[in-house]
Amino acid sequence: MRPPDSHGGNLKTIQKSAKLANVLYDVRGPIVEAAKQMEDEGQKIIKLNIGNLAPFGFDAPEEIQQDMIRNLPESSGYSDSKGIFAARKAVMHYSQQQGVVGVTLDDIYLGNGASDLISMATNALLDDGDELLVPAPDYPLWTASASLSGGKPVHYLCDEANGWMPNLDDIRRKITPRTKGLVVINPNNPTGALYSDELLLALVQIAREHGLLLLADEVYDKVLYDDVKHTALASLSTDVVTLTFNSLSKAYRACGYRAGWMVISGDKACAKDYIEGLNMLANIKLGSNVPGQWAIQTALGGYQSIHDLVKEGGRLRRQRDLAYELITAIPGVSCVKPKAALYMFPRLDPAMYPIPDDRQFFMEVLRATRVMLVQGTGFNYPDQQHFRIVFLPHEDDLREAIGRLAKFLDGWRKRHGT
């Protein structure tokens, strides 16, 4: 029998969901696709676009790897929908060490990285048209998750002139009767900012006054420089319902293990219905990656090797200092020095770099320099003058990459008479 004529009939065009209209993930977007094509042509690209540690020689600690291998025979079946007991117990103890009060095993959910749990939390929270306050710049998964959940991401500004701290007045102005939650990313991706206790307490008070759920993304809580200290947002109140998200991806260099957790704290009685929704979604997905779960107890309880990388003389500390020194030496480029995380968010002076389309600009950077960066609008920041640098490559590669960028910017200024 001949198949139906592929050029006839009443076939309709299949279109993507309208919910994808506000979904942006340029960390793996068009510039990355262009870079892949260049690599296929034999060109070598220096990738400063994503916080994936393994390609730069940052490996998960061997004892974590060994624990996963040892437990593989026990990993072929589903776990409990919230995760295995040993891992959840370790997360509970970790929360207690951070000063979070009242957390029990039932308050802990394991997922395929923090991103999996962020999607679950927003799906359970938002009805169509509900609003979620998200920082700008943001980790774009938060904006995407709010949109895919049917909600509306509302971006509050972080103030570059104030070290990228959230603007409290801007947050207050943007709260409406439809606002359901407030997202706090601390330490911050993409700026590397670390928030003071005073600021965190002010954010807690805003949530308390307006009955908002706090969603605390603390994935970089151990990636800290210059002897600064991180305070868990959930440790600052016993009443405001707070969801805390964390994972093994960054501090334990285990992005591919897809092992993350979410902790509920605060007055859980007033969130009983919401928690029921979380439980329903956890049951639907049957549980997360079991081999990755086995790594959690060893990671949280063992020697914290991240400290060796971020202390003075440590590799991450050296690379941060070098990247900051080189990027701020370029005429017309300024940057707030990051206190945490793996990133910095420099600014191009608009008088010297009048950029009408930052995505197109950094596409041009890629093609001219073979250095891959992500433009600031990829993090939902409302100007064309910023970009994110990942300082994971070795020092020689950082010198090469930022040197190529400096040469490109010098030529751009000459061509445009600025």
# chains A, B, ... in the order shown; residues from 1 in each chain; ligands from 1
>>> residues_around(residues="range 238-254 of chain A", least_positions_apart="3", cutoff="7 Å", atoms="only C-alpha atoms", output="PyMOL selection string")
chain A and resi 53-54+58-61+101+113-114+208+213-220+222-223+234+257+259-268+306
>>> write_last_selection(atoms="C-alpha atoms", output="short mmCIF file (atom, residue, chain, number, x, y, z; two decimals), in the first residue's frame")
data_model
loop_
_atom_site.label_atom_id
_atom_site.label_comp_id
_atom_site.auth_asym_id
_atom_site.auth_seq_id
_atom_site.Cartn_x
_atom_site.Cartn_y
_atom_site.Cartn_z
CA LEU A 53 32.46 22.66 35.94
CA ALA A 54 33.56 19.27 34.58
CA PHE A 58 36.68 20.43 38.30
CA ASP A 59 35.74 16.85 39.19
CA ALA A 60 33.36 15.58 41.86
CA PRO A 61 35.25 14.36 44.96
CA VAL A 101 14.18 25.60 62.86
CA GLY A 113 18.81 19.03 40.42
CA ALA A 114 17.39 22.21 41.93
CA ARG A 208 5.44 38.58 56.07
CA LEU A 213 5.87 32.54 49.87
CA LEU A 214 9.66 32.96 49.93
CA LEU A 215 11.60 30.87 47.39
CA ALA A 216 15.31 30.88 48.27
CA ASP A 217 17.75 29.68 45.60
CA GLU A 218 20.94 28.99 47.56
CA VAL A 219 22.80 26.69 45.18
CA TYR A 220 26.06 28.67 45.60
CA LYS A 222 29.47 27.36 49.76
CA VAL A 223 31.12 29.11 46.79
CA ALA A 234 15.04 30.27 56.15
CA TYR A 257 24.54 13.77 38.88
CA ALA A 259 20.98 15.65 42.64
CA GLY A 260 19.16 18.50 44.35
CA TRP A 261 16.81 19.16 47.26
CA MET A 262 14.06 21.46 48.44
CA VAL A 263 13.30 22.18 52.10
CA ILE A 264 10.03 23.64 53.47
CA SER A 265 10.24 25.72 56.64
CA GLY A 266 8.18 28.30 58.51
CA ASP A 267 4.53 28.02 59.56
CA LYS A 268 3.58 25.00 57.48
CA ILE A 306 35.17 23.48 47.92
#
>>> residues_around(residues="range 190-193 of chain A", least_positions_apart="4", cutoff="7 Å", atoms="only C-alpha atoms", output="PyMOL selection string")
chain A and resi 137-139+163-164+338-345+388
>>> select_by_dssp(residues="range 150-290 of chain A", states="strand (DSSP E)", output="ChimeraX atom specification")
/A:152-159,165-166,179-185,213-217,242-247,260-265
>>> write_last_selection(atoms="C-alpha atoms", output="PDB file, in the first residue's frame")
ATOM      1  CA  LYS A 152       3.455  35.925  35.217  1.00  0.00           C
ATOM      2  CA  PRO A 153       7.086  36.612  36.198  1.00  0.00           C
ATOM      3  CA  VAL A 154       7.424  40.171  37.507  1.00  0.00           C
ATOM      4  CA  HIS A 155      11.030  41.357  37.629  1.00  0.00           C
ATOM      5  CA  TYR A 156      12.270  43.500  40.492  1.00  0.00           C
ATOM      6  CA  LEU A 157      15.533  45.348  39.956  1.00  0.00           C
ATOM      7  CA  CYS A 158      18.827  44.616  41.645  1.00  0.00           C
ATOM      8  CA  ASP A 159      20.876  47.791  41.953  1.00  0.00           C
ATOM      9  CA  MET A 165      21.493  44.314  46.013  1.00  0.00           C
ATOM     10  CA  PRO A 166      17.709  43.937  45.495  1.00  0.00           C
ATOM     11  CA  THR A 179       1.510  38.232  43.789  1.00  0.00           C
ATOM     12  CA  LYS A 180       2.046  34.776  45.292  1.00  0.00           C
ATOM     13  CA  GLY A 181       5.772  34.577  45.992  1.00  0.00           C
ATOM     14  CA  LEU A 182       9.142  36.297  46.137  1.00  0.00           C
ATOM     15  CA  VAL A 183      12.248  34.640  44.631  1.00  0.00           C
ATOM     16  CA  VAL A 184      15.599  35.400  46.303  1.00  0.00           C
ATOM     17  CA  ILE A 185      18.772  34.126  44.590  1.00  0.00           C
ATOM     18  CA  LEU A 213       5.867  32.543  49.875  1.00  0.00           C
ATOM     19  CA  LEU A 214       9.657  32.956  49.927  1.00  0.00           C
ATOM     20  CA  LEU A 215      11.600  30.875  47.393  1.00  0.00           C
ATOM     21  CA  ALA A 216      15.308  30.875  48.268  1.00  0.00           C
ATOM     22  CA  ASP A 217      17.747  29.677  45.596  1.00  0.00           C
ATOM     23  CA  THR A 242      10.117  29.442  52.894  1.00  0.00           C
ATOM     24  CA  LEU A 243      11.239  26.973  50.248  1.00  0.00           C
ATOM     25  CA  THR A 244      15.015  26.547  50.067  1.00  0.00           C
ATOM     26  CA  PHE A 245      16.618  25.037  46.958  1.00  0.00           C
ATOM     27  CA  ASN A 246      20.107  23.570  46.777  1.00  0.00           C
ATOM     28  CA  SER A 247      22.056  20.875  44.965  1.00  0.00           C
ATOM     29  CA  GLY A 260      19.157  18.505  44.353  1.00  0.00           C
ATOM     30  CA  TRP A 261      16.809  19.164  47.260  1.00  0.00           C
ATOM     31  CA  MET A 262      14.058  21.461  48.444  1.00  0.00           C
ATOM     32  CA  VAL A 263      13.301  22.180  52.104  1.00  0.00           C
ATOM     33  CA  ILE A 264      10.031  23.644  53.470  1.00  0.00           C
ATOM     34  CA  SER A 265      10.239  25.718  56.642  1.00  0.00           C
TER      35      SER A 265
END
>>> closest_residue(among="A:Ile45, A:Leu72, A:Leu309, A:Lys82", to="Leu117 in chain A", atoms="only C-alpha atoms")
A:Lys82
>>> atom_distance(atom1="CA of Asp226 in chain A", atom2="CA of Arg317 in chain A")
8.5 Å
>>> residues_around(residues="range 95-97 of chain A", least_positions_apart="5", cutoff="9 Å", atoms="only C-alpha atoms", output="MDAnalysis selection string")
chainID A and resid 90 102:103 232 234:235 263
>>> write_last_selection(atoms="N, CA and C atoms", output="PDB file, in the first residue's frame")
ATOM      1  N   ALA A  90      20.338  13.563  55.764  1.00  0.00           N
ATOM      2  CA  ALA A  90      21.519  14.419  55.669  1.00  0.00           C
ATOM      3  C   ALA A  90      21.126  15.868  55.372  1.00  0.00           C
ATOM      4  N   GLY A 102      12.704  23.662  62.953  1.00  0.00           N
ATOM      5  CA  GLY A 102      11.447  22.965  62.720  1.00  0.00           C
ATOM      6  C   GLY A 102      11.378  22.123  61.465  1.00  0.00           C
ATOM      7  N   VAL A 103      12.513  21.820  60.839  1.00  0.00           N
ATOM      8  CA  VAL A 103      12.503  21.012  59.614  1.00  0.00           C
ATOM      9  C   VAL A 103      12.492  19.531  59.984  1.00  0.00           C
ATOM     10  N   ALA A 232      21.484  31.470  55.604  1.00  0.00           N
ATOM     11  CA  ALA A 232      20.315  30.846  54.986  1.00  0.00           C
ATOM     12  C   ALA A 232      19.087  31.711  55.270  1.00  0.00           C
ATOM     13  N   ALA A 234      16.025  30.955  55.304  1.00  0.00           N
ATOM     14  CA  ALA A 234      15.044  30.271  56.154  1.00  0.00           C
ATOM     15  C   ALA A 234      15.411  30.316  57.629  1.00  0.00           C
ATOM     16  N   SER A 235      16.666  30.643  57.940  1.00  0.00           N
ATOM     17  CA  SER A 235      17.076  30.703  59.354  1.00  0.00           C
ATOM     18  C   SER A 235      16.628  31.997  60.029  1.00  0.00           C
ATOM     19  N   VAL A 263      13.670  22.266  50.689  1.00  0.00           N
ATOM     20  CA  VAL A 263      13.301  22.180  52.104  1.00  0.00           C
ATOM     21  C   VAL A 263      12.195  23.190  52.389  1.00  0.00           C
TER      22      VAL A 263
END
>>> residues_around(residues="His386 in chain A", least_positions_apart="3", cutoff="6 Å", atoms="only C-alpha atoms", output="list of chain:residue names")
A:Pro346, A:Arg347, A:Gly376
>>> residues_around(residues="Leu316 in chain A", least_positions_apart="2", cutoff="9 Å", atoms="only C-alpha atoms", output="MDAnalysis selection string")
chainID A and resid 223 225 308:311 313:314 318:321 342 391:392
>>> write_last_selection(atoms="C-alpha atoms", output="mmCIF file, in the first residue's frame")
data_model
loop_
_atom_site.group_PDB
_atom_site.id
_atom_site.type_symbol
_atom_site.label_atom_id
_atom_site.label_comp_id
_atom_site.auth_asym_id
_atom_site.auth_seq_id
_atom_site.Cartn_x
_atom_site.Cartn_y
_atom_site.Cartn_z
ATOM 1 C CA VAL A 223 31.117 29.107 46.790
ATOM 2 C CA TYR A 225 35.318 34.403 48.514
ATOM 3 C CA ASP A 308 40.295 24.650 49.120
ATOM 4 C CA LEU A 309 39.145 26.095 45.809
ATOM 5 C CA VAL A 310 37.716 29.385 47.121
ATOM 6 C CA LYS A 311 40.277 30.298 49.804
ATOM 7 C CA GLY A 313 45.429 30.908 46.598
ATOM 8 C CA GLY A 314 42.696 28.423 45.649
ATOM 9 C CA ARG A 318 42.718 33.021 41.585
ATOM 10 C CA GLN A 319 40.554 32.791 38.488
ATOM 11 C CA ARG A 320 37.979 35.215 39.878
ATOM 12 C CA ASP A 321 40.695 37.743 40.722
ATOM 13 C CA LEU A 342 31.183 31.424 39.469
ATOM 14 C CA PHE A 391 35.503 32.328 35.229
ATOM 15 C CA LEU A 392 35.898 28.541 35.245
#
>>> atom_distance(atom1="CA of Glu198 in chain A", atom2="CA of Asn162 in chain A")
14.0 Å
>>> closest_residue(among="A:Gly211, A:Leu141, A:Ser17, A:Lys272", to="Gly378 in chain A", atoms="only C-alpha atoms")
A:Leu141
>>> residues_around(residues="Val91 in chain A", least_positions_apart="4", cutoff="8 Å", atoms="only C-alpha atoms", output="ChimeraX atom specification")
/A:87,95,108,261,296-297,300
>>> residues_around(residues="Ala35 in chain A", least_positions_apart="2", cutoff="12 Å", atoms="only C-alpha atoms", output="PyMOL selection string")
chain A and resi 28-33+37-49+362-374
>>> write_last_selection(atoms="C-alpha atoms", output="PDB file, in the first residue's frame")
ATOM      1  CA  ARG A  28      22.031  27.479  25.822  1.00  0.00           C
ATOM      2  CA  GLY A  29      20.439  29.585  23.093  1.00  0.00           C
ATOM      3  CA  PRO A  30      21.221  30.837  19.560  1.00  0.00           C
ATOM      4  CA  ILE A  31      24.813  31.837  20.378  1.00  0.00           C
ATOM      5  CA  VAL A  32      25.493  28.306  21.629  1.00  0.00           C
ATOM      6  CA  GLU A  33      24.009  26.869  18.435  1.00  0.00           C
ATOM      7  CA  GLN A  37      28.355  24.960  14.117  1.00  0.00           C
ATOM      8  CA  MET A  38      31.763  26.649  14.324  1.00  0.00           C
ATOM      9  CA  GLU A  39      33.117  23.680  16.288  1.00  0.00           C
ATOM     10  CA  ASP A  40      31.754  21.324  13.638  1.00  0.00           C
ATOM     11  CA  GLU A  41      33.830  23.327  11.156  1.00  0.00           C
ATOM     12  CA  GLY A  42      36.949  22.673  13.251  1.00  0.00           C
ATOM     13  CA  GLN A  43      37.188  25.931  15.196  1.00  0.00           C
ATOM     14  CA  LYS A  44      38.045  25.863  18.901  1.00  0.00           C
ATOM     15  CA  ILE A  45      35.686  27.879  21.087  1.00  0.00           C
ATOM     16  CA  ILE A  46      36.482  29.192  24.577  1.00  0.00           C
ATOM     17  CA  LYS A  47      33.210  28.781  26.469  1.00  0.00           C
ATOM     18  CA  LEU A  48      32.444  31.394  29.093  1.00  0.00           C
ATOM     19  CA  ASN A  49      28.689  30.867  28.855  1.00  0.00           C
ATOM     20  CA  PHE A 362      27.708  38.964  21.305  1.00  0.00           C
ATOM     21  CA  MET A 363      27.031  36.819  18.241  1.00  0.00           C
ATOM     22  CA  GLU A 364      29.495  39.126  16.474  1.00  0.00           C
ATOM     23  CA  VAL A 365      31.925  38.689  19.402  1.00  0.00           C
ATOM     24  CA  LEU A 366      31.693  34.912  19.029  1.00  0.00           C
ATOM     25  CA  ARG A 367      32.327  34.906  15.285  1.00  0.00           C
ATOM     26  CA  ALA A 368      35.234  37.346  15.537  1.00  0.00           C
ATOM     27  CA  THR A 369      36.963  35.977  18.657  1.00  0.00           C
ATOM     28  CA  ARG A 370      35.720  32.378  19.118  1.00  0.00           C
ATOM     29  CA  VAL A 371      34.829  33.346  22.704  1.00  0.00           C
ATOM     30  CA  MET A 372      31.285  32.485  23.814  1.00  0.00           C
ATOM     31  CA  LEU A 373      29.544  34.839  26.270  1.00  0.00           C
ATOM     32  CA  VAL A 374      25.891  35.446  27.198  1.00  0.00           C
TER      33      VAL A 374
END
>>> atom_distance(atom1="CA of Thr122 in chain A", atom2="CA of Tyr274 in chain A")
10.6 Å
>>> select_by_dssp(residues="range 146-389 of chain A", states="helix (DSSP H, G or I)", output="MDAnalysis selection string")
chainID A and resid 146:148 160:162 168:173 197:210 233:236 255:257 268:284 290:301 306:310 315:328 358:369 376:379
>>> decode(residues="range 197-238 of chain A", atoms="N, CA and C atoms", output="compact mmCIF listing (two decimals), in the first residue's frame")
# COMPACT_ATOMS: atom_id res chain seq x y z
N ASP A 197 22.69 40.16 56.11
CA ASP A 197 21.59 39.75 56.98
C ASP A 197 20.53 40.84 57.07
N GLU A 198 20.95 42.10 57.10
CA GLU A 198 20.00 43.21 57.18
C GLU A 198 19.06 43.20 55.98
N LEU A 199 19.63 42.99 54.79
CA LEU A 199 18.81 42.96 53.58
C LEU A 199 17.88 41.74 53.59
N LEU A 200 18.41 40.59 53.99
CA LEU A 200 17.59 39.38 54.02
C LEU A 200 16.42 39.53 54.99
N LEU A 201 16.68 40.14 56.14
CA LEU A 201 15.60 40.37 57.10
C LEU A 201 14.53 41.30 56.53
N ALA A 202 14.95 42.28 55.74
CA ALA A 202 13.98 43.17 55.10
C ALA A 202 13.13 42.41 54.09
N LEU A 203 13.73 41.48 53.36
CA LEU A 203 12.98 40.66 52.40
C LEU A 203 11.98 39.76 53.13
N VAL A 204 12.41 39.20 54.25
CA VAL A 204 11.50 38.38 55.06
C VAL A 204 10.31 39.21 55.53
N GLN A 205 10.58 40.44 55.95
CA GLN A 205 9.51 41.30 56.45
C GLN A 205 8.51 41.65 55.34
N ILE A 206 9.00 41.90 54.14
CA ILE A 206 8.10 42.17 53.01
C ILE A 206 7.20 40.97 52.77
N ALA A 207 7.79 39.76 52.78
CA ALA A 207 6.99 38.55 52.59
C ALA A 207 5.97 38.38 53.70
N ARG A 208 6.35 38.70 54.92
CA ARG A 208 5.44 38.58 56.07
C ARG A 208 4.27 39.55 55.94
N GLU A 209 4.57 40.78 55.59
CA GLU A 209 3.52 41.81 55.49
C GLU A 209 2.51 41.51 54.40
N HIS A 210 2.96 40.86 53.33
CA HIS A 210 2.08 40.67 52.17
C HIS A 210 1.66 39.21 51.98
N GLY A 211 1.99 38.36 52.93
CA GLY A 211 1.57 36.97 52.86
C GLY A 211 2.16 36.22 51.68
N LEU A 212 3.44 36.49 51.38
CA LEU A 212 4.09 35.87 50.22
C LEU A 212 4.89 34.64 50.63
N LEU A 213 4.96 33.68 49.73
CA LEU A 213 5.87 32.54 49.87
C LEU A 213 7.26 33.01 49.48
N LEU A 214 8.27 32.67 50.28
CA LEU A 214 9.66 32.96 49.93
C LEU A 214 10.26 31.73 49.24
N LEU A 215 10.93 31.95 48.11
CA LEU A 215 11.60 30.87 47.39
C LEU A 215 13.08 31.24 47.32
N ALA A 216 13.90 30.53 48.09
CA ALA A 216 15.31 30.88 48.27
C ALA A 216 16.19 29.92 47.47
N ASP A 217 16.81 30.44 46.42
CA ASP A 217 17.75 29.68 45.60
C ASP A 217 19.14 29.89 46.18
N GLU A 218 19.66 28.86 46.85
CA GLU A 218 20.94 28.99 47.56
C GLU A 218 21.96 27.97 47.07
N VAL A 219 21.94 27.71 45.77
CA VAL A 219 22.80 26.69 45.18
C VAL A 219 24.29 27.00 45.37
N TYR A 220 24.65 28.28 45.49
CA TYR A 220 26.06 28.67 45.60
C TYR A 220 26.46 29.00 47.05
N ASP A 221 25.76 28.44 48.02
CA ASP A 221 25.97 28.87 49.41
C ASP A 221 27.35 28.56 49.96
N LYS A 222 28.11 27.68 49.31
CA LYS A 222 29.47 27.36 49.76
C LYS A 222 30.54 27.97 48.85
N VAL A 223 30.14 28.55 47.74
CA VAL A 223 31.12 29.11 46.79
C VAL A 223 31.30 30.59 47.13
N LEU A 224 32.11 30.84 48.15
CA LEU A 224 32.23 32.17 48.76
C LEU A 224 33.70 32.59 48.79
N TYR A 225 33.95 33.88 48.56
CA TYR A 225 35.32 34.40 48.51
C TYR A 225 35.53 35.46 49.60
N ASP A 226 36.80 35.73 49.86
CA ASP A 226 37.18 36.83 50.76
C ASP A 226 36.63 36.64 52.18
N ASP A 227 36.46 35.38 52.59
CA ASP A 227 36.02 35.05 53.95
C ASP A 227 34.64 35.59 54.30
N VAL A 228 33.79 35.82 53.31
CA VAL A 228 32.42 36.25 53.59
C VAL A 228 31.61 35.06 54.09
N LYS A 229 30.50 35.36 54.74
CA LYS A 229 29.63 34.32 55.30
C LYS A 229 28.25 34.39 54.64
N HIS A 230 27.68 33.23 54.39
CA HIS A 230 26.34 33.15 53.84
C HIS A 230 25.35 32.83 54.95
N THR A 231 24.21 33.50 54.94
CA THR A 231 23.13 33.22 55.89
C THR A 231 21.95 32.62 55.14
N ALA A 232 21.48 31.47 55.60
CA ALA A 232 20.32 30.85 54.99
C ALA A 232 19.09 31.71 55.27
N LEU A 233 18.35 32.05 54.23
CA LEU A 233 17.17 32.90 54.39
C LEU A 233 16.17 32.27 55.36
N ALA A 234 16.03 30.96 55.30
CA ALA A 234 15.04 30.27 56.15
C ALA A 234 15.41 30.32 57.63
N SER A 235 16.67 30.64 57.94
CA SER A 235 17.08 30.70 59.35
C SER A 235 16.63 32.00 60.03
N LEU A 236 16.09 32.94 59.25
CA LEU A 236 15.77 34.27 59.78
C LEU A 236 14.31 34.44 60.18
N SER A 237 13.50 33.38 60.03
CA SER A 237 12.12 33.45 60.53
C SER A 237 11.62 32.05 60.83
N THR A 238 10.66 31.98 61.73
CA THR A 238 9.99 30.71 62.00
C THR A 238 8.54 30.73 61.52
